[in-house]
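Source file target_20.cif; content: mmCIF, C-alpha atoms.
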data_final
#
loop_
_atom_site.group_PDB
_atom_site.id
_atom_site.type_symbol
_atom_site.label_atom_id
_atom_site.label_comp_id
_atom_site.auth_asym_id
_atom_site.auth_seq_id
_atom_site.Cartn_x
_atom_site.Cartn_y
_atom_site.Cartn_z
ATOM 1 C CA MET A 1 92.540 150.879 157.961
ATOM 2 C CA ASN A 2 93.195 149.185 154.659
ATOM 3 C CA PHE A 3 96.256 150.917 153.186
ATOM 4 C CA ASP A 4 97.300 149.545 149.820
ATOM 5 C CA ILE A 5 100.254 151.067 147.930
ATOM 6 C CA LYS A 6 98.896 149.869 144.578
ATOM 7 C CA GLU A 7 95.485 151.482 145.204
ATOM 8 C CA ILE A 8 97.120 154.717 146.392
ATOM 9 C CA PHE A 9 99.384 154.859 143.323
ATOM 10 C CA THR A 10 96.547 154.040 140.903
ATOM 11 C CA ALA A 11 94.209 156.622 142.473
ATOM 12 C CA PHE A 12 97.054 159.188 142.477
ATOM 13 C CA MET A 13 97.810 158.627 138.783
ATOM 14 C CA VAL A 14 94.146 158.755 137.759
ATOM 15 C CA LEU A 15 93.614 162.026 139.674
ATOM 16 C CA PHE A 16 96.917 163.445 138.376
ATOM 17 C CA ALA A 17 95.815 162.784 134.787
ATOM 18 C CA VAL A 18 92.347 164.265 135.328
ATOM 19 C CA ILE A 19 93.511 167.345 137.274
ATOM 20 C CA ASP A 20 96.358 167.835 134.738
ATOM 21 C CA ILE A 21 98.136 170.496 136.801
ATOM 22 C CA ILE A 22 101.116 170.485 134.410
ATOM 23 C CA GLY A 23 98.762 171.133 131.507
ATOM 24 C CA ASN A 24 97.147 173.958 133.464
ATOM 25 C CA VAL A 25 100.436 175.900 133.791
ATOM 26 C CA PRO A 26 99.499 178.270 130.897
ATOM 27 C CA ILE A 27 96.158 179.011 132.604
ATOM 28 C CA ILE A 28 97.944 179.616 135.936
ATOM 29 C CA ILE A 29 100.423 181.977 134.258
ATOM 30 C CA ASP A 30 97.553 183.797 132.538
ATOM 31 C CA LEU A 31 95.682 184.177 135.845
ATOM 32 C CA ARG A 32 98.866 185.427 137.498
ATOM 33 C CA LYS A 33 99.164 188.096 134.777
ATOM 34 C CA LYS A 34 95.525 189.156 135.209
ATOM 35 C CA VAL A 35 95.576 189.494 139.017
ATOM 36 C CA GLY A 36 99.294 189.912 139.748
ATOM 37 C CA HIS A 37 99.575 187.203 142.408
ATOM 38 C CA ILE A 38 97.983 183.869 143.186
ATOM 39 C CA GLU A 39 97.850 182.509 146.712
ATOM 40 C CA SER A 40 99.301 179.040 146.042
ATOM 41 C CA GLU A 41 98.678 177.770 149.576
ATOM 42 C CA LYS A 42 95.069 178.940 149.593
ATOM 43 C CA ALA A 43 94.301 177.526 146.138
ATOM 44 C CA SER A 44 95.893 174.151 147.010
ATOM 45 C CA ILE A 45 94.181 173.850 150.388
ATOM 46 C CA ILE A 46 90.764 174.891 149.039
ATOM 47 C CA ALA A 47 91.056 172.432 146.133
ATOM 48 C CA GLY A 48 92.090 169.650 148.554
ATOM 49 C CA VAL A 49 89.221 170.417 150.938
ATOM 50 C CA ILE A 50 86.701 170.514 148.080
ATOM 51 C CA MET A 51 87.910 167.132 146.796
ATOM 52 C CA ILE A 52 87.917 165.434 150.212
ATOM 53 C CA VAL A 53 84.513 166.852 151.208
ATOM 54 C CA PHE A 54 83.107 165.822 147.820
ATOM 55 C CA LEU A 55 84.573 162.341 148.295
ATOM 56 C CA PHE A 56 82.444 161.914 151.421
ATOM 57 C CA LEU A 57 79.376 164.005 150.619
ATOM 58 C CA GLY A 58 79.335 164.378 146.819
ATOM 59 C CA GLN A 59 76.764 161.821 145.809
ATOM 60 C CA SER A 60 74.353 162.631 148.638
ATOM 61 C CA LEU A 61 74.849 166.407 148.250
ATOM 62 C CA LEU A 62 74.054 166.278 144.547
ATOM 63 C CA SER A 63 71.054 163.998 145.219
ATOM 64 C CA LEU A 64 69.826 166.331 147.961
ATOM 65 C CA ILE A 65 69.603 169.278 145.581
ATOM 66 C CA GLY A 66 68.225 167.103 142.796
ATOM 67 C CA ILE A 67 71.301 167.074 140.557
ATOM 68 C CA ASP A 68 72.809 163.883 139.229
ATOM 69 C CA VAL A 69 76.535 163.457 138.611
ATOM 70 C CA ASN A 70 76.023 163.687 134.852
ATOM 71 C CA SER A 71 74.288 167.086 135.064
ATOM 72 C CA PHE A 72 77.097 168.309 137.299
ATOM 73 C CA ALA A 73 79.683 167.146 134.771
ATOM 74 C CA VAL A 74 77.838 168.831 131.868
ATOM 75 C CA ALA A 75 77.743 172.137 133.786
ATOM 76 C CA GLY A 76 81.467 171.813 134.493
ATOM 77 C CA ALA A 77 82.082 171.101 130.798
ATOM 78 C CA PHE A 78 80.566 174.494 129.948
ATOM 79 C CA ILE A 79 82.900 176.269 132.386
ATOM 80 C CA LEU A 80 85.940 174.485 130.946
ATOM 81 C CA PHE A 81 84.681 175.293 127.430
ATOM 82 C CA PHE A 82 84.616 179.032 128.126
ATOM 83 C CA ILE A 83 88.026 178.981 129.815
ATOM 84 C CA ALA A 84 89.387 177.172 126.733
ATOM 85 C CA LEU A 85 87.850 179.811 124.437
ATOM 86 C CA GLU A 86 89.598 182.533 126.445
ATOM 87 C CA MET A 87 92.920 180.740 125.972
ATOM 88 C CA ILE A 88 92.511 180.054 122.249
ATOM 89 C CA LEU A 89 90.965 183.348 121.146
ATOM 90 C CA GLY A 90 92.775 185.644 123.578
ATOM 91 C CA ILE A 91 89.505 187.149 124.827
ATOM 92 C CA THR A 92 88.263 187.737 128.366
ATOM 93 C CA LEU A 93 84.917 186.254 129.318
ATOM 94 C CA TYR A 94 85.640 186.005 133.031
ATOM 95 C CA LYS A 95 85.398 189.408 134.721
ATOM 96 C CA ASP A 96 87.535 189.988 137.811
ATOM 97 C CA ASP A 97 85.877 191.103 141.025
ATOM 98 C CA ASP A 98 87.355 193.887 143.166
ATOM 99 C CA ASP A 99 89.410 191.423 145.202
ATOM 100 C CA GLY A 100 91.047 189.639 142.275
ATOM 101 C CA ILE A 101 93.771 187.794 144.222
ATOM 102 C CA ILE A 102 91.401 185.938 146.517
ATOM 103 C CA THR A 103 88.869 185.389 143.734
ATOM 104 C CA ALA A 104 91.430 184.012 141.271
ATOM 105 C CA SER A 105 92.881 181.698 143.920
ATOM 106 C CA VAL A 106 89.434 180.235 144.548
ATOM 107 C CA PHE A 107 87.660 180.675 141.192
ATOM 108 C CA PRO A 108 88.613 179.605 138.559
ATOM 109 C CA LEU A 109 91.843 178.096 139.956
ATOM 110 C CA ALA A 110 90.828 175.941 142.963
ATOM 111 C CA PHE A 111 87.410 175.364 141.389
ATOM 112 C CA PRO A 112 86.821 174.342 138.579
ATOM 113 C CA LEU A 113 90.382 173.947 137.208
ATOM 114 C CA ILE A 114 91.864 171.826 140.011
ATOM 115 C CA ALA A 115 88.828 170.503 141.875
ATOM 116 C CA GLY A 116 86.559 170.547 138.856
ATOM 117 C CA PRO A 117 83.807 168.336 137.550
ATOM 118 C CA GLY A 118 86.320 165.914 136.047
ATOM 119 C CA SER A 119 88.220 165.355 139.288
ATOM 120 C CA LEU A 120 85.060 165.354 141.431
ATOM 121 C CA THR A 121 83.251 162.792 139.286
ATOM 122 C CA THR A 122 86.499 160.764 139.164
ATOM 123 C CA LEU A 123 86.527 160.741 142.977
ATOM 124 C CA LEU A 124 83.012 159.285 142.995
ATOM 125 C CA SER A 125 84.159 156.589 140.549
ATOM 126 C CA LEU A 126 87.285 155.806 142.605
ATOM 127 C CA ARG A 127 85.215 155.503 145.759
ATOM 128 C CA ALA A 128 83.298 152.635 144.180
ATOM 129 C CA GLU A 129 86.571 150.736 143.554
ATOM 130 C CA PHE A 130 89.102 151.690 146.256
ATOM 131 C CA ALA A 131 89.295 152.058 150.037
ATOM 132 C CA ILE A 132 88.549 155.625 151.111
ATOM 133 C CA GLU A 133 91.807 156.082 153.066
ATOM 134 C CA ASN A 134 93.826 155.234 149.943
ATOM 135 C CA ILE A 135 91.893 157.815 147.914
ATOM 136 C CA ILE A 136 92.478 160.463 150.621
ATOM 137 C CA ILE A 137 96.248 159.820 150.510
ATOM 138 C CA ALA A 138 96.141 160.079 146.690
ATOM 139 C CA VAL A 139 94.251 163.396 146.942
ATOM 140 C CA LEU A 140 96.750 164.779 149.486
ATOM 141 C CA ALA A 141 99.708 163.728 147.297
ATOM 142 C CA ASN A 142 98.109 165.531 144.343
ATOM 143 C CA VAL A 143 97.513 168.641 146.475
ATOM 144 C CA ILE A 144 101.223 168.727 147.402
ATOM 145 C CA LEU A 145 102.151 168.444 143.722
ATOM 146 C CA ILE A 146 99.630 171.167 142.824
ATOM 147 C CA TYR A 147 101.181 173.465 145.439
ATOM 148 C CA ILE A 148 104.683 172.881 144.023
ATOM 149 C CA VAL A 149 103.537 173.661 140.463
ATOM 150 C CA LEU A 150 101.645 176.787 141.590
ATOM 151 C CA LYS A 151 104.679 178.026 143.538
ATOM 152 C CA THR A 152 107.088 177.454 140.640
ATOM 153 C CA SER A 153 104.847 178.713 137.811
ATOM 154 C CA ALA A 154 106.746 182.031 137.656
ATOM 155 C CA LYS A 155 110.041 180.135 137.193
ATOM 156 C CA ILE A 156 108.424 177.914 134.571
ATOM 157 C CA GLU A 157 107.269 181.081 132.782
ATOM 158 C CA ARG A 158 110.828 182.521 132.783
ATOM 159 C CA ILE A 159 112.248 179.295 131.347
ATOM 160 C CA ILE A 160 109.648 179.004 128.582
ATOM 161 C CA GLY A 161 109.525 182.729 127.709
ATOM 162 C CA PRO A 162 106.624 184.882 126.447
ATOM 163 C CA ASN A 163 106.386 183.292 122.973
ATOM 164 C CA GLY A 164 106.571 179.810 124.445
ATOM 165 C CA ILE A 165 103.756 180.720 126.844
ATOM 166 C CA LYS A 166 101.584 181.963 123.957
ATOM 167 C CA ILE A 167 102.158 178.769 121.973
ATOM 168 C CA ILE A 168 101.555 176.488 124.981
ATOM 169 C CA ARG A 169 98.489 178.531 125.949
ATOM 170 C CA LYS A 170 96.909 177.988 122.517
ATOM 171 C CA ILE A 171 97.825 174.278 122.469
ATOM 172 C CA PHE A 172 96.462 173.650 125.960
ATOM 173 C CA GLY A 173 93.426 175.768 125.135
ATOM 174 C CA VAL A 174 92.605 173.332 122.345
ATOM 175 C CA ILE A 175 93.288 170.370 124.674
ATOM 176 C CA LEU A 176 91.057 171.890 127.368
ATOM 177 C CA LEU A 177 88.389 172.489 124.722
ATOM 178 C CA ALA A 178 88.635 168.823 123.694
ATOM 179 C CA ILE A 179 88.376 167.725 127.348
ATOM 180 C CA SER A 180 85.269 169.892 127.808
ATOM 181 C CA VAL A 181 83.674 168.451 124.653
ATOM 182 C CA LYS A 182 84.501 164.886 125.794
ATOM 183 C CA LEU A 183 83.106 165.571 129.284
ATOM 184 C CA PHE A 184 79.981 167.080 127.711
ATOM 185 C CA ALA A 185 79.485 164.261 125.180
ATOM 186 C CA ALA A 186 80.092 161.460 127.695
ATOM 187 C CA ASN A 187 77.575 162.857 130.165
ATOM 188 C CA ILE A 188 74.898 164.444 127.948
ATOM 189 C CA LYS A 189 73.942 161.078 126.421
ATOM 190 C CA LEU A 190 73.511 159.634 129.924
ATOM 191 C CA LEU A 191 71.030 162.396 130.747
ATOM 192 C CA PHE A 192 68.646 161.401 127.940
#
Could I get this structure in the form of structure tokens?
Amino acid sequence: MNFDIKEIFTAFMVLFAVIDIIGNVPIIIDLRKKVGHIESEKASIIAGVIMIVFLFLGQSLLSLIGIDVNSFAVAGAFILFFIALEMILGITLYKDDDDGIITASVFPLAFPLIAGPGSLTTLLSLRAEFAIENIIIAVLANVILIYIVLKTSAKIERIIGPNGIKIIRKIFGVILLAISVKLFAANIKLLF
């Protein structure tokens, strides 16, 4: 075991910035309004499992099905793009299934918002630089933080108020749109 506090902190901060759970609060509040309740534990655990499994199997899994990391990131950019359009324009592109609570906790919350193409490709990059046990600790610390934010999103909504939510939703919609464009642009040129 090669535990290094600096590596853990750096990996934690990089993942925290990419996952941007604080920035996703408007999306979480919007999902909560659509389905009534989000299973915070389930969403956090599923996102954590996806990230840890992808840390170990990501590169080989994508290679096995003939997809490179860049194609995966471009596909994820499209998903983030459409979620951003929903936020900015106030339209609904994502249709809820019959079991909305479970679906919303898994898709689009656990994947692709939390454990999305940005965080998954970041994990592959971190693996090249840092010891795997340090990355796992950083992932687990982020999952705990994600759980706390998901659990307190209703309180955050009460503090900010309905107009504040609308304003933040539009602002973060534009930010999410910019992230999707950046993810698309950075990876599309590597495909050609």
Find the residue from A:Gly90, A:Pro162, A:Gly23, A:Gly76 that sits nearest to Phe111 in chain A; use all atoms listed in the file when measuring.
A:Gly76
Distance of CA of Lys151 in chain A from CA of Gly58 in chain A, expressed in Å to one decimal place:
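Atom-to-atom, CA of Gly58 in chain A and CA of Lys151 in chain A are spaced 29.0 Å apart.
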Could you tell me how far CA of Ala84 in chain A lies from CA of His37 in chain A, in Å and to one decimal?
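Value for the CA of Ala84 in chain A-CA of His37 in chain A distance: 21.2 Å.
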Let me make sure I understand: among A:Ala141, A:Ile38, A:Leu124, A:Ala131, which one has the smallest atom-to-atom distance to Asp68 in chain A if we use all atoms listed in the file?
A:Leu124
I need the residue nearest Val149 in chain A from this list: A:Met1, A:Met87, A:Ile114, A:Leu190. Use all atoms listed in the file for the distance.
A:Ile114
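Among the candidates A:Ile79, A:Leu183, A:Val106, A:Ile22, the residue lying nearest to Glu41 in chain A is A:Val106 (atoms considered: only C-alpha atoms).
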Name every residue that the PyMOL selection byres ((chain A and resi 134) around 12) selects in this structure, writing the answer as number ranges by chain with chains first and numbers rising.
A: 1-12, 52, 55, 123, 126-127, 129-133, 135-141
Could you state the separation of CA of Ala77 in chain A and CA of Ile148 in chain A in Å, given to one decimal place?
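Result for CA of Ala77 in chain A versus CA of Ile148 in chain A: 26.2 Å, one decimal.
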